>>> print(open('my_file-v2.pdb').read())   # PDB, C-alpha atoms
MODEL        1
ATOM      1  CA  MET A 166     130.836 161.034 133.115  1.00  0.00           C
ATOM      2  CA  GLU A 167     131.050 157.631 131.519  1.00  0.00           C
ATOM      3  CA  ASP A 168     133.011 157.022 128.331  1.00  0.00           C
ATOM      4  CA  PRO A 169     132.778 153.437 127.078  1.00  0.00           C
ATOM      5  CA  SER A 170     135.103 154.171 124.148  1.00  0.00           C
ATOM      6  CA  TRP A 171     137.852 155.485 126.455  1.00  0.00           C
ATOM      7  CA  PRO A 172     137.302 154.119 129.994  1.00  0.00           C
ATOM      8  CA  GLN A 173     140.271 156.088 131.371  1.00  0.00           C
ATOM      9  CA  ALA A 174     138.222 159.276 130.898  1.00  0.00           C
ATOM     10  CA  THR A 175     135.339 158.002 133.034  1.00  0.00           C
ATOM     11  CA  GLY A 176     135.051 160.011 136.238  1.00  0.00           C
ATOM     12  CA  THR A 177     133.858 163.239 137.780  1.00  0.00           C
ATOM     13  CA  TYR A 178     135.136 166.536 136.430  1.00  0.00           C
ATOM     14  CA  GLU A 179     134.711 170.046 137.756  1.00  0.00           C
ATOM     15  CA  LEU A 180     134.290 172.852 135.237  1.00  0.00           C
ATOM     16  CA  GLU A 181     135.345 176.257 136.504  1.00  0.00           C
ATOM     17  CA  VAL A 182     134.438 179.332 134.436  1.00  0.00           C
ATOM     18  CA  SER A 183     135.755 182.806 135.149  1.00  0.00           C
ATOM     19  CA  GLY A 184     136.014 185.868 132.932  1.00  0.00           C
ATOM     20  CA  GLY A 185     135.043 183.974 129.812  1.00  0.00           C
ATOM     21  CA  ALA A 186     137.723 181.307 130.288  1.00  0.00           C
ATOM     22  CA  ALA A 187     137.159 177.769 131.522  1.00  0.00           C
ATOM     23  CA  ARG A 188     139.219 174.969 132.961  1.00  0.00           C
ATOM     24  CA  SER A 189     138.349 171.482 134.068  1.00  0.00           C
ATOM     25  CA  ALA A 190     139.924 168.956 136.371  1.00  0.00           C
ATOM     26  CA  ARG A 191     139.084 165.504 137.647  1.00  0.00           C
ATOM     27  CA  VAL A 192     137.728 165.614 141.210  1.00  0.00           C
ATOM     28  CA  ALA A 193     136.734 163.067 143.848  1.00  0.00           C
ATOM     29  CA  THR A 194     133.387 164.654 144.747  1.00  0.00           C
ATOM     30  CA  ASP A 195     129.850 163.732 143.755  1.00  0.00           C
ATOM     31  CA  PRO A 196     128.819 165.288 140.432  1.00  0.00           C
ATOM     32  CA  ASP A 197     126.160 167.973 140.050  1.00  0.00           C
ATOM     33  CA  LEU A 198     125.209 166.409 136.688  1.00  0.00           C
ATOM     34  CA  ASP A 199     125.540 162.809 135.470  1.00  0.00           C
ATOM     35  CA  MET A 200     125.931 162.235 131.725  1.00  0.00           C
ATOM     36  CA  GLY A 201     127.846 160.196 129.197  1.00  0.00           C
ATOM     37  CA  ALA A 202     130.644 161.425 126.961  1.00  0.00           C
ATOM     38  CA  ASP A 203     128.329 161.239 123.938  1.00  0.00           C
ATOM     39  CA  THR A 204     125.884 163.630 125.620  1.00  0.00           C
ATOM     40  CA  LEU A 205     128.657 166.027 126.607  1.00  0.00           C
ATOM     41  CA  GLY A 206     129.924 165.977 123.014  1.00  0.00           C
ATOM     42  CA  ALA A 207     126.505 166.842 121.610  1.00  0.00           C
ATOM     43  CA  ILE A 208     126.188 169.747 124.033  1.00  0.00           C
ATOM     44  CA  TYR A 209     129.730 170.998 123.418  1.00  0.00           C
ATOM     45  CA  LEU A 210     129.289 170.992 119.654  1.00  0.00           C
ATOM     46  CA  GLY A 211     126.052 172.973 119.942  1.00  0.00           C
ATOM     47  CA  ASP A 212     123.728 170.302 118.608  1.00  0.00           C
ATOM     48  CA  THR A 213     121.519 170.376 121.697  1.00  0.00           C
ATOM     49  CA  SER A 214     121.194 172.081 125.067  1.00  0.00           C
ATOM     50  CA  VAL A 215     121.762 170.808 128.583  1.00  0.00           C
ATOM     51  CA  LEU A 216     118.093 171.380 129.410  1.00  0.00           C
ATOM     52  CA  GLN A 217     116.980 169.390 126.360  1.00  0.00           C
ATOM     53  CA  MET A 218     119.196 166.503 127.449  1.00  0.00           C
ATOM     54  CA  VAL A 219     117.766 166.620 130.986  1.00  0.00           C
ATOM     55  CA  ALA A 220     114.234 166.502 129.545  1.00  0.00           C
ATOM     56  CA  ALA A 221     115.237 163.543 127.351  1.00  0.00           C
ATOM     57  CA  GLY A 222     116.628 161.645 130.347  1.00  0.00           C
ATOM     58  CA  ARG A 223     120.222 161.776 129.058  1.00  0.00           C
ATOM     59  CA  ILE A 224     121.407 163.909 132.012  1.00  0.00           C
ATOM     60  CA  VAL A 225     120.569 163.420 135.682  1.00  0.00           C
ATOM     61  CA  GLU A 226     120.589 166.622 137.712  1.00  0.00           C
ATOM     62  CA  ASN A 227     121.905 165.808 141.209  1.00  0.00           C
ATOM     63  CA  ARG A 228     121.943 169.414 142.441  1.00  0.00           C
ATOM     64  CA  PRO A 229     118.895 171.604 141.750  1.00  0.00           C
ATOM     65  CA  GLY A 230     119.822 174.425 139.400  1.00  0.00           C
ATOM     66  CA  ALA A 231     122.981 172.753 138.062  1.00  0.00           C
ATOM     67  CA  ALA A 232     121.424 172.055 134.652  1.00  0.00           C
ATOM     68  CA  ALA A 233     120.369 175.680 134.169  1.00  0.00           C
ATOM     69  CA  GLU A 234     123.874 176.862 135.127  1.00  0.00           C
ATOM     70  CA  ALA A 235     125.503 174.420 132.708  1.00  0.00           C
ATOM     71  CA  ASP A 236     123.067 175.414 129.983  1.00  0.00           C
ATOM     72  CA  ARG A 237     124.201 179.046 130.289  1.00  0.00           C
ATOM     73  CA  VAL A 238     127.881 178.020 130.198  1.00  0.00           C
ATOM     74  CA  PHE A 239     127.568 175.807 127.122  1.00  0.00           C
ATOM     75  CA  HIS A 240     125.123 177.957 125.148  1.00  0.00           C
ATOM     76  CA  TRP A 241     126.436 179.745 122.107  1.00  0.00           C
ATOM     77  CA  ALA A 242     124.833 181.058 118.965  1.00  0.00           C
ATOM     78  CA  PRO A 243     124.971 180.228 116.224  1.00  0.00           C
ATOM     79  CA  ALA A 244     125.457 176.548 116.842  1.00  0.00           C
ATOM     80  CA  ALA A 245     128.662 174.934 115.626  1.00  0.00           C
ATOM     81  CA  TRP A 246     128.555 173.898 111.996  1.00  0.00           C
ATOM     82  CA  GLY A 247     130.975 171.908 109.936  1.00  0.00           C
ATOM     83  CA  VAL A 248     130.380 171.129 106.314  1.00  0.00           C
ATOM     84  CA  ASP A 249     131.735 168.056 104.635  1.00  0.00           C
ATOM     85  CA  MET A 250     131.255 167.641 100.921  1.00  0.00           C
ATOM     86  CA  TRP A 251     131.516 164.018  99.915  1.00  0.00           C
TER
ENDMDL
END
>>> encode(input="my_file-v2.pdb", output="structure tokens")
Amino acid sequence: MEDPSWPQATGTYELEVSGGAARSARVATDPDLDMGADTLGAIYLGDTSVLQMVAAGRIVENRPGAAAEADRVFHWAPAAWGVDMW
């Protein structure tokens, strides 16, 4: 993951999910998926799916099937919604 606004966060992270709980840690292995922090944020907040981002060229799938797995992990319905009245 690349994060131009906070370069210290740039790196490879492993996401481990078990029993409905998740944890992540920085690792020194090659990533299954390549994406930027902005793409990860959009997925995490429910604005788009992993598979949509792959189709748009915003995620590179380095291991076949990794995008479908990540899509299942990050999917939730309804999508996140925050209202701001200005």
>>> atom_distance(input="my_file-v2.pdb", atom1="CA of Trp171 (chain A)", atom2="CA of Ser183 (chain A)")
28.7 Å
>>> resolve_selection(input="my_file-v2.pdb", expression="the PyMOL selection byres ((chain A and resi 205) around 12)", output="number ranges by chain")
A: 166-168, 178, 198-204, 206-215, 218-219, 223-224, 235-236, 239
>>> residues_around(input="my_file-v2.pdb", residues="Glu179 (chain A)", least_positions_apart="5", cutoff="10 Å", atoms="all atoms listed in the file", output="mmCIF file with C-alpha atoms, in the coordinates of the input")
data_model
loop_
_atom_site.group_PDB
_atom_site.id
_atom_site.type_symbol
_atom_site.label_atom_id
_atom_site.label_comp_id
_atom_site.auth_asym_id
_atom_site.auth_seq_id
_atom_site.Cartn_x
_atom_site.Cartn_y
_atom_site.Cartn_z
ATOM 1 C CA ARG A 188 139.219 174.969 132.961
ATOM 2 C CA SER A 189 138.349 171.482 134.068
ATOM 3 C CA ALA A 190 139.924 168.956 136.371
ATOM 4 C CA ARG A 191 139.084 165.504 137.647
ATOM 5 C CA VAL A 192 137.728 165.614 141.210
ATOM 6 C CA ALA A 193 136.734 163.067 143.848
ATOM 7 C CA THR A 194 133.387 164.654 144.747
ATOM 8 C CA ASP A 195 129.850 163.732 143.755
ATOM 9 C CA PRO A 196 128.819 165.288 140.432
ATOM 10 C CA ASP A 197 126.160 167.973 140.050
#
>>> atom_distance(input="my_file-v2.pdb", atom1="CA of Val225 (chain A)", atom2="CA of Pro172 (chain A)")
20.0 Å
>>> atom_distance(input="my_file-v2.pdb", atom1="CA of Ala233 (chain A)", atom2="CA of Leu216 (chain A)")
6.8 Å
